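Written below as structure tokens is the structure these notes are about.
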Amino acid sequence: MSRAAIPGLPSRHPIGGQLPALYAEDDFAQRFTAGLDTVLAPVFSTLDNLPAYLDPRVAPADFVAWLASWVGGVDDPRWPLELRREATVRAMELHRWRGTKRGLVEALQLIVGVRAEVVGDGGAVWSSTPGSELPPAPDAEIVVRVWPGREATVEESRVHELIRALVPVHTRCRVEVLSTAPSGSGSGEGE
């Protein structure tokens, strides 16, 4: 969508009608202000519709990437527009869960279109009993099992790329690509 001069777009606030009476009948003044109206009509139209420009669900397509950058969302121009809009809408929610099993599973489902299960705790342990012995050191590796969801196949390179972007840097991660959901996986969502 272009926000440049649009032929025939009327101005809701024509300048010629707001000139003093001395210029109201002046042909040059009316033609000159009509030219300004043509240039300013898209500006007024944009300002009148500003809330729609700030809502990724209805914003012009070329604004979606800009909105995604505002909220730190993931945006890829190769994606279908509806997926780009949804990823931008859900960016704040996904940031809230970033670095967690749930966040990784939801991001993989939204952005790559695969179902996933995350196994392991990434090297984090704790004890709920004050003063007790520390728990044994856990395995710092997590396993991410993915299988087709929205897409018919799993594009492994995209899965790896997204995992590298979302998993804490100190965490070792192994990806297993499955043809179907693992038995006993339930909904396929991590904790």
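Chain labels run A, B, ... following the order of the structure tokens; each chain numbers its residues from 1, and ligands are numbered from 1 in the order shown.
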
Please extract the residues of segment 36-126 of chain A with a backbone DSSP assignment of helix (DSSP H, G or I) and present them as a PyMOL selection string.
chain A and resi 36-48+50-53+61-70+81-89+91-96+101-112

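Taking only C-alpha atoms, the non-local environment of Gln109 of chain A within 12 Å (same-chain residues fewer than 4 positions away omitted) comprises Leu83, Glu86, Ala87, Leu94, Arg102, Gly103, Leu104, Val105, Gly113, Val114, Arg115, Ala116, Glu117, Val146, Trp147, Pro148, Gly149, Arg150, Glu151, Val154, Arg158, Val159, Leu162, Ile163, Ser187, Gly188, Glu189 and Gly190 of chain A.
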
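Counting only C-alpha atoms, Arg164 of chain A has the following residues at most 12 Å away, ignoring those fewer than 3 positions along the same chain: Gly99, Leu104, Leu108, Val144, Ser157, Arg158, Val159, His160, Glu161, Val167, Pro168, Val169, His170, Thr171, Arg172, Cys173, Arg174 and Val175 of chain A.
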
Just-selected residues, C-alpha atoms written as a PDB file, in the first residue's frame:
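See part17.pdb below for the written result:
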ATOM      1  CA  GLY A  99      13.931 -19.140  27.439  1.00  0.00           C
ATOM      2  CA  LEU A 104      10.173 -22.640  22.681  1.00  0.00           C
ATOM      3  CA  LEU A 108       8.237 -23.420  16.970  1.00  0.00           C
ATOM      4  CA  VAL A 144      13.804 -30.807  21.304  1.00  0.00           C
ATOM      5  CA  SER A 157      17.343 -25.714   9.070  1.00  0.00           C
ATOM      6  CA  ARG A 158      14.569 -23.317  10.148  1.00  0.00           C
ATOM      7  CA  VAL A 159      14.044 -25.301  13.368  1.00  0.00           C
ATOM      8  CA  HIS A 160      17.759 -25.071  14.209  1.00  0.00           C
ATOM      9  CA  GLU A 161      17.843 -21.357  13.350  1.00  0.00           C
ATOM     10  CA  VAL A 167      17.472 -21.064  23.728  1.00  0.00           C
ATOM     11  CA  PRO A 168      19.749 -19.522  26.379  1.00  0.00           C
ATOM     12  CA  VAL A 169      23.288 -19.414  25.051  1.00  0.00           C
ATOM     13  CA  HIS A 170      24.753 -21.654  27.800  1.00  0.00           C
ATOM     14  CA  THR A 171      22.338 -24.462  26.983  1.00  0.00           C
ATOM     15  CA  ARG A 172      23.349 -27.421  24.821  1.00  0.00           C
ATOM     16  CA  CYS A 173      20.509 -28.486  22.597  1.00  0.00           C
ATOM     17  CA  ARG A 174      19.886 -31.543  20.442  1.00  0.00           C
ATOM     18  CA  VAL A 175      17.094 -31.648  17.870  1.00  0.00           C
TER      19      VAL A 175
END

Compile the contact shell of Leu19 of chain A as a PyMOL selection string: residues with an atom at most 10 Å away, counting only C-alpha atoms, same-chain residues fewer than 6 positions apart removed.
chain A and resi 25+29-30+33

Can I get the selected residues back with N, CA and C atoms, as an mmCIF file, in the first residue's frame?
data_model
loop_
_atom_site.group_PDB
_atom_site.id
_atom_site.type_symbol
_atom_site.label_atom_id
_atom_site.label_comp_id
_atom_site.auth_asym_id
_atom_site.auth_seq_id
_atom_site.Cartn_x
_atom_site.Cartn_y
_atom_site.Cartn_z
ATOM 1 N N GLU A 25 -12.413 33.919 -4.352
ATOM 2 C CA GLU A 25 -12.783 34.006 -5.770
ATOM 3 C C GLU A 25 -11.564 34.030 -6.690
ATOM 4 N N ALA A 29 -5.322 31.180 -6.595
ATOM 5 C CA ALA A 29 -5.267 30.717 -5.199
ATOM 6 C C ALA A 29 -6.016 29.393 -5.039
ATOM 7 N N GLN A 30 -7.152 29.254 -5.703
ATOM 8 C CA GLN A 30 -7.941 28.021 -5.605
ATOM 9 C C GLN A 30 -7.219 26.846 -6.276
ATOM 10 N N THR A 33 -4.119 25.901 -4.002
ATOM 11 C CA THR A 33 -4.511 25.151 -2.797
ATOM 12 C C THR A 33 -5.077 23.782 -3.161
#

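Residues lying within 12 Å of Pro60 of chain A, counting only C-alpha atoms and ignoring same-chain neighbours fewer than 3 positions away, are Met1, Ser2, Arg3, Thr46, Asn49, Leu50, Pro51, Ala52, Tyr53, Leu54, Asp55, Pro56, Arg57, Phe63, Val64, Ala65, Trp66, Leu67, Leu81, Glu82, Arg84 and Arg85 of chain A.
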
Generate the output file for the selected residues, N, CA, C and O atoms, as an mmCIF file, in the first residue's frame.
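That gives us part_24.cif:
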data_model
loop_
_atom_site.group_PDB
_atom_site.id
_atom_site.type_symbol
_atom_site.label_atom_id
_atom_site.label_comp_id
_atom_site.auth_asym_id
_atom_site.auth_seq_id
_atom_site.Cartn_x
_atom_site.Cartn_y
_atom_site.Cartn_z
ATOM 1 N N MET A 1 0.851 -1.177 0.000
ATOM 2 C CA MET A 1 0.000 0.000 0.000
ATOM 3 C C MET A 1 0.888 1.228 0.000
ATOM 4 O O MET A 1 1.881 1.306 0.696
ATOM 5 N N SER A 2 0.499 2.209 -0.783
ATOM 6 C CA SER A 2 1.274 3.436 -0.874
ATOM 7 C C SER A 2 0.555 4.553 -0.148
ATOM 8 O O SER A 2 -0.668 4.653 -0.176
ATOM 9 N N ARG A 3 1.347 5.369 0.495
ATOM 10 C CA ARG A 3 0.766 6.527 1.164
ATOM 11 C C ARG A 3 1.215 7.794 0.452
ATOM 12 O O ARG A 3 1.315 8.852 1.043
ATOM 13 N N THR A 46 -4.039 9.090 6.366
ATOM 14 C CA THR A 46 -3.198 8.274 7.240
ATOM 15 C C THR A 46 -3.409 8.650 8.698
ATOM 16 O O THR A 46 -3.569 7.780 9.560
ATOM 17 N N ASN A 49 -6.610 7.473 10.175
ATOM 18 C CA ASN A 49 -6.661 6.023 10.371
ATOM 19 C C ASN A 49 -5.469 5.486 11.153
ATOM 20 O O ASN A 49 -5.166 4.287 11.090
ATOM 21 N N LEU A 50 -4.820 6.335 11.918
ATOM 22 C CA LEU A 50 -3.600 5.937 12.631
ATOM 23 C C LEU A 50 -3.780 4.707 13.527
ATOM 24 O O LEU A 50 -2.912 3.835 13.528
ATOM 25 N N PRO A 51 -4.886 4.574 14.262
ATOM 26 C CA PRO A 51 -5.019 3.353 15.078
ATOM 27 C C PRO A 51 -4.941 2.063 14.255
ATOM 28 O O PRO A 51 -4.388 1.069 14.707
ATOM 29 N N ALA A 52 -5.454 2.088 13.031
ATOM 30 C CA ALA A 52 -5.384 0.894 12.184
ATOM 31 C C ALA A 52 -3.948 0.603 11.752
ATOM 32 O O ALA A 52 -3.571 -0.551 11.572
ATOM 33 N N TYR A 53 -3.129 1.617 11.614
ATOM 34 C CA TYR A 53 -1.734 1.408 11.244
ATOM 35 C C TYR A 53 -0.950 0.765 12.385
ATOM 36 O O TYR A 53 0.072 0.128 12.162
ATOM 37 N N LEU A 54 -1.402 0.937 13.619
ATOM 38 C CA LEU A 54 -0.686 0.411 14.772
ATOM 39 C C LEU A 54 -1.193 -0.953 15.236
ATOM 40 O O LEU A 54 -0.692 -1.493 16.207
ATOM 41 N N ASP A 55 -2.175 -1.503 14.559
ATOM 42 C CA ASP A 55 -2.705 -2.828 14.879
ATOM 43 C C ASP A 55 -2.234 -3.796 13.796
ATOM 44 O O ASP A 55 -2.664 -3.697 12.649
ATOM 45 N N PRO A 56 -1.326 -4.724 14.123
ATOM 46 C CA PRO A 56 -0.774 -5.600 13.085
ATOM 47 C C PRO A 56 -1.812 -6.459 12.369
ATOM 48 O O PRO A 56 -1.564 -6.932 11.274
ATOM 49 N N ARG A 57 -2.984 -6.645 12.984
ATOM 50 C CA ARG A 57 -4.016 -7.462 12.323
ATOM 51 C C ARG A 57 -4.635 -6.767 11.124
ATOM 52 O O ARG A 57 -5.169 -7.424 10.240
ATOM 53 N N PHE A 63 3.731 -2.121 6.758
ATOM 54 C CA PHE A 63 3.890 -1.665 8.138
ATOM 55 C C PHE A 63 4.127 -2.820 9.104
ATOM 56 O O PHE A 63 4.579 -2.606 10.222
ATOM 57 N N VAL A 64 3.801 -4.037 8.705
ATOM 58 C CA VAL A 64 3.900 -5.176 9.623
ATOM 59 C C VAL A 64 5.344 -5.379 10.086
ATOM 60 O O VAL A 64 5.595 -5.582 11.275
ATOM 61 N N ALA A 65 6.307 -5.292 9.190
ATOM 62 C CA ALA A 65 7.719 -5.452 9.572
ATOM 63 C C ALA A 65 8.137 -4.357 10.541
ATOM 64 O O ALA A 65 8.860 -4.610 11.511
ATOM 65 N N TRP A 66 7.681 -3.155 10.298
ATOM 66 C CA TRP A 66 8.014 -2.034 11.178
ATOM 67 C C TRP A 66 7.420 -2.251 12.565
ATOM 68 O O TRP A 66 8.092 -2.045 13.575
ATOM 69 N N LEU A 67 6.168 -2.700 12.623
ATOM 70 C CA LEU A 67 5.533 -2.972 13.914
ATOM 71 C C LEU A 67 6.256 -4.112 14.635
ATOM 72 O O LEU A 67 6.455 -4.054 15.852
ATOM 73 N N LEU A 81 1.571 -13.308 4.651
ATOM 74 C CA LEU A 81 1.233 -12.101 5.407
ATOM 75 C C LEU A 81 0.482 -12.420 6.701
ATOM 76 O O LEU A 81 0.750 -11.823 7.746
ATOM 77 N N GLU A 82 -0.443 -13.367 6.670
ATOM 78 C CA GLU A 82 -1.208 -13.691 7.880
ATOM 79 C C GLU A 82 -0.315 -14.238 8.991
ATOM 80 O O GLU A 82 -0.521 -13.939 10.163
ATOM 81 N N ARG A 84 2.897 -13.460 9.349
ATOM 82 C CA ARG A 84 3.661 -12.297 9.811
ATOM 83 C C ARG A 84 2.823 -11.458 10.775
ATOM 84 O O ARG A 84 3.325 -10.986 11.790
ATOM 85 N N ARG A 85 1.554 -11.297 10.462
ATOM 86 C CA ARG A 85 0.659 -10.533 11.352
ATOM 87 C C ARG A 85 0.522 -11.244 12.702
ATOM 88 O O ARG A 85 0.628 -10.625 13.754
#

Tell me, in Å to one decimal, how far atom CA of Val89 of chain A is from atom CA of Ser69 of chain A.
11.8 Å

Identify which of the residues A:Asp62, A:Glu106, A:Asp27, A:Glu176 lies closest to Arg145 of chain A, counting only C-alpha atoms when measuring atom-to-atom distances.
A:Glu176

What parts of segment 58-144 of chain A does DSSP call strand (DSSP E)? I'd like the answer as a PyMOL selection string.
chain A and resi 114-119+141-144

Using N, CA and C atoms, can you export the residues from the last selection as a compact mmCIF listing (two decimals), in the first residue's frame?
# COMPACT_ATOMS: atom_id res chain seq x y z
N VAL A 114 5.67 -26.39 13.25
CA VAL A 114 5.88 -27.77 13.70
C VAL A 114 5.37 -27.92 15.13
N ARG A 115 5.06 -29.14 15.50
CA ARG A 115 4.72 -29.46 16.89
C ARG A 115 6.04 -29.83 17.56
N ALA A 116 6.12 -29.65 18.87
CA ALA A 116 7.38 -29.91 19.55
C ALA A 116 7.17 -30.38 20.98
N GLU A 117 8.20 -31.02 21.47
CA GLU A 117 8.26 -31.47 22.86
C GLU A 117 9.69 -31.19 23.32
N VAL A 118 9.83 -30.59 24.50
CA VAL A 118 11.14 -30.27 25.03
C VAL A 118 11.38 -31.14 26.26
N VAL A 119 12.50 -31.87 26.26
CA VAL A 119 12.85 -32.76 27.36
C VAL A 119 14.17 -32.29 27.96
N GLU A 141 22.07 -30.63 28.76
CA GLU A 141 21.52 -30.73 27.41
C GLU A 141 20.01 -30.86 27.46
N ILE A 142 19.36 -30.19 26.53
CA ILE A 142 17.93 -30.40 26.34
C ILE A 142 17.73 -31.06 24.98
N VAL A 143 16.66 -31.80 24.88
CA VAL A 143 16.31 -32.46 23.62
C VAL A 143 15.00 -31.84 23.14
N VAL A 144 15.01 -31.37 21.91
CA VAL A 144 13.80 -30.81 21.30
C VAL A 144 13.37 -31.77 20.21

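Of the residues under consideration (A:Leu134, A:Ala61, A:Ala91, A:Val43), A:Ala61 shows the shortest atom-to-atom contact distance to Pro77 of chain A when counting only C-alpha atoms.
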
Nearest to Thr88 of chain A, restricted to only C-alpha atoms and choosing among A:Val58, A:Leu166, A:Leu47, A:Ala124, comes out as A:Val58
